[in-house]
Amino acid sequence: DNKEDCEDFEDEEDKLGLYQDYAKEEEKEKRKQDLEKEKELKVDEDEEAMGEDEWDAISKQSQLEMERRAKEGIGLQDDAAFRTISFKEAWNTFKNTDLSTERSKIVSEDFSGISPIAKLFSCITGTPKIKSPESQEERDLLFAIAKVKYSDSETLHTRILQTVYRKLTNSKINCPRQGAHWVSIGFQGNDPTTDFRDLGLLGLLQIIYFHNNEEDIIFRIYRRSNHQQYHFPFVVTSFNITLHCMEALREGKLSNLCNKHGQVMLIFMEVYIAAFVDLYNTMVENCWGIERIAYAFDRVKKLIRTPQVLLNNMDAFRSELKVEADKSANGPHISAV
């Protein structure tokens, strides 16, 4: 009996030893996991602190600049560098600016790219051209703005660029001239000016016009551009639409509408918005992201050359949004895509 008791005791002792070893290993593993979590938490806190520090530094720098100007008797209301700009103000400023150098470089009309059938048809009916001198002036001003080279020394240029960022992000202060924050709104790199290319400041102006006149719609598209799965670069996409609109205007595809309404700038801007909305709808309906955006552009490029169709589609889209808003006000909330 004593022997059996001893064997039972040894078995229990072995089991106890195994449990203790297991408990030690478990405790060791738990401590390891806790340390890893602490490290991850610290990294997140450090990154957050870095982000906060960066913007604190920007805010502090802006505050110091404001204080300096206040001491020198310069009121903030007179300091253009700290103010956003409306499309109307920017457009009127360009109208009153000497752009003779830029105008000397523009090509107002170019019918070389139209199809043989269109050329034959134009021989019979005449190539549609902008008729009135006032409308021709508006057209040439658009092309001249597209030739303006961005300069950090020009307050107007700075305000236009900063306005695009601040309006899209609802930021209250100007952001650094270069940095990853520009990529976040759809530029290709940390220096946004490298994307201007053949657009000068016209591409930025169109975004400001869009925001000033269709704020709900531009934010709907901007939110979609930041979708986790179906994202696309908002600003670069906008710039490509601007380029297609410039081609259509130069080829005379917008001339009939411009002549009908006696407006060039307005038609140009509204066709741009309608084209962007059509691209957005195509992307949403087909669940497309950046990898399929070229297909949406193929459609938009053709539609820009039949602008009345685009504008009709835009009217239908506005009507749908109104119905959606009415339902949202009277019933369950319908969230935007």
# chains A, B, ... in the order shown; residues from 1 in each chain; ligands from 1

$ residues_around --residues "Leu168 (chain A)" --least-positions-apart "3" --cutoff "9 Å" --atoms "only C-alpha atoms" --output "number ranges by chain"
A: 163-165, 171, 185, 211, 218-219, 222

$ residues_around --residues "Leu205 (chain A)" --least-positions-apart "2" --cutoff "9 Å" --atoms "only C-alpha atoms" --output "list in words"
Phe87, Ala90, Trp91, Ile160, Leu161, Val164, Leu201, Leu202, Gly203, Ile207, Ile208, Tyr209 and Phe210 of chain A

$ closest_residue --among "A:Ile304, A:Phe196, A:Tyr272, A:Gly289" --to "Gln229 (chain A)" --atoms "only C-alpha atoms"
A:Gly289

$ atom_distance --atom1 "CA of Val236 (chain A)" --atom2 "CA of Thr193 (chain A)"
11.5 Å

$ closest_residue --among "A:Leu243, A:Val264, A:Ile293, A:His181" --to "Tyr230 (chain A)" --atoms "only C-alpha atoms"
A:Ile293

$ closest_residue --among "A:Asp298, A:Leu310, A:Thr101, A:Gln178" --to "Leu254 (chain A)" --atoms "only C-alpha atoms"
A:Leu310

$ residues_around --residues "Glu247 (chain A)" --least-positions-apart "3" --cutoff "10 Å" --atoms "only C-alpha atoms" --output "PyMOL selection string"
chain A and resi 108-111+113+241-244+250-254+301+304-305

$ atom_distance --atom1 "CA of Asp198 (chain A)" --atom2 "CA of Phe268 (chain A)"
16.8 Å
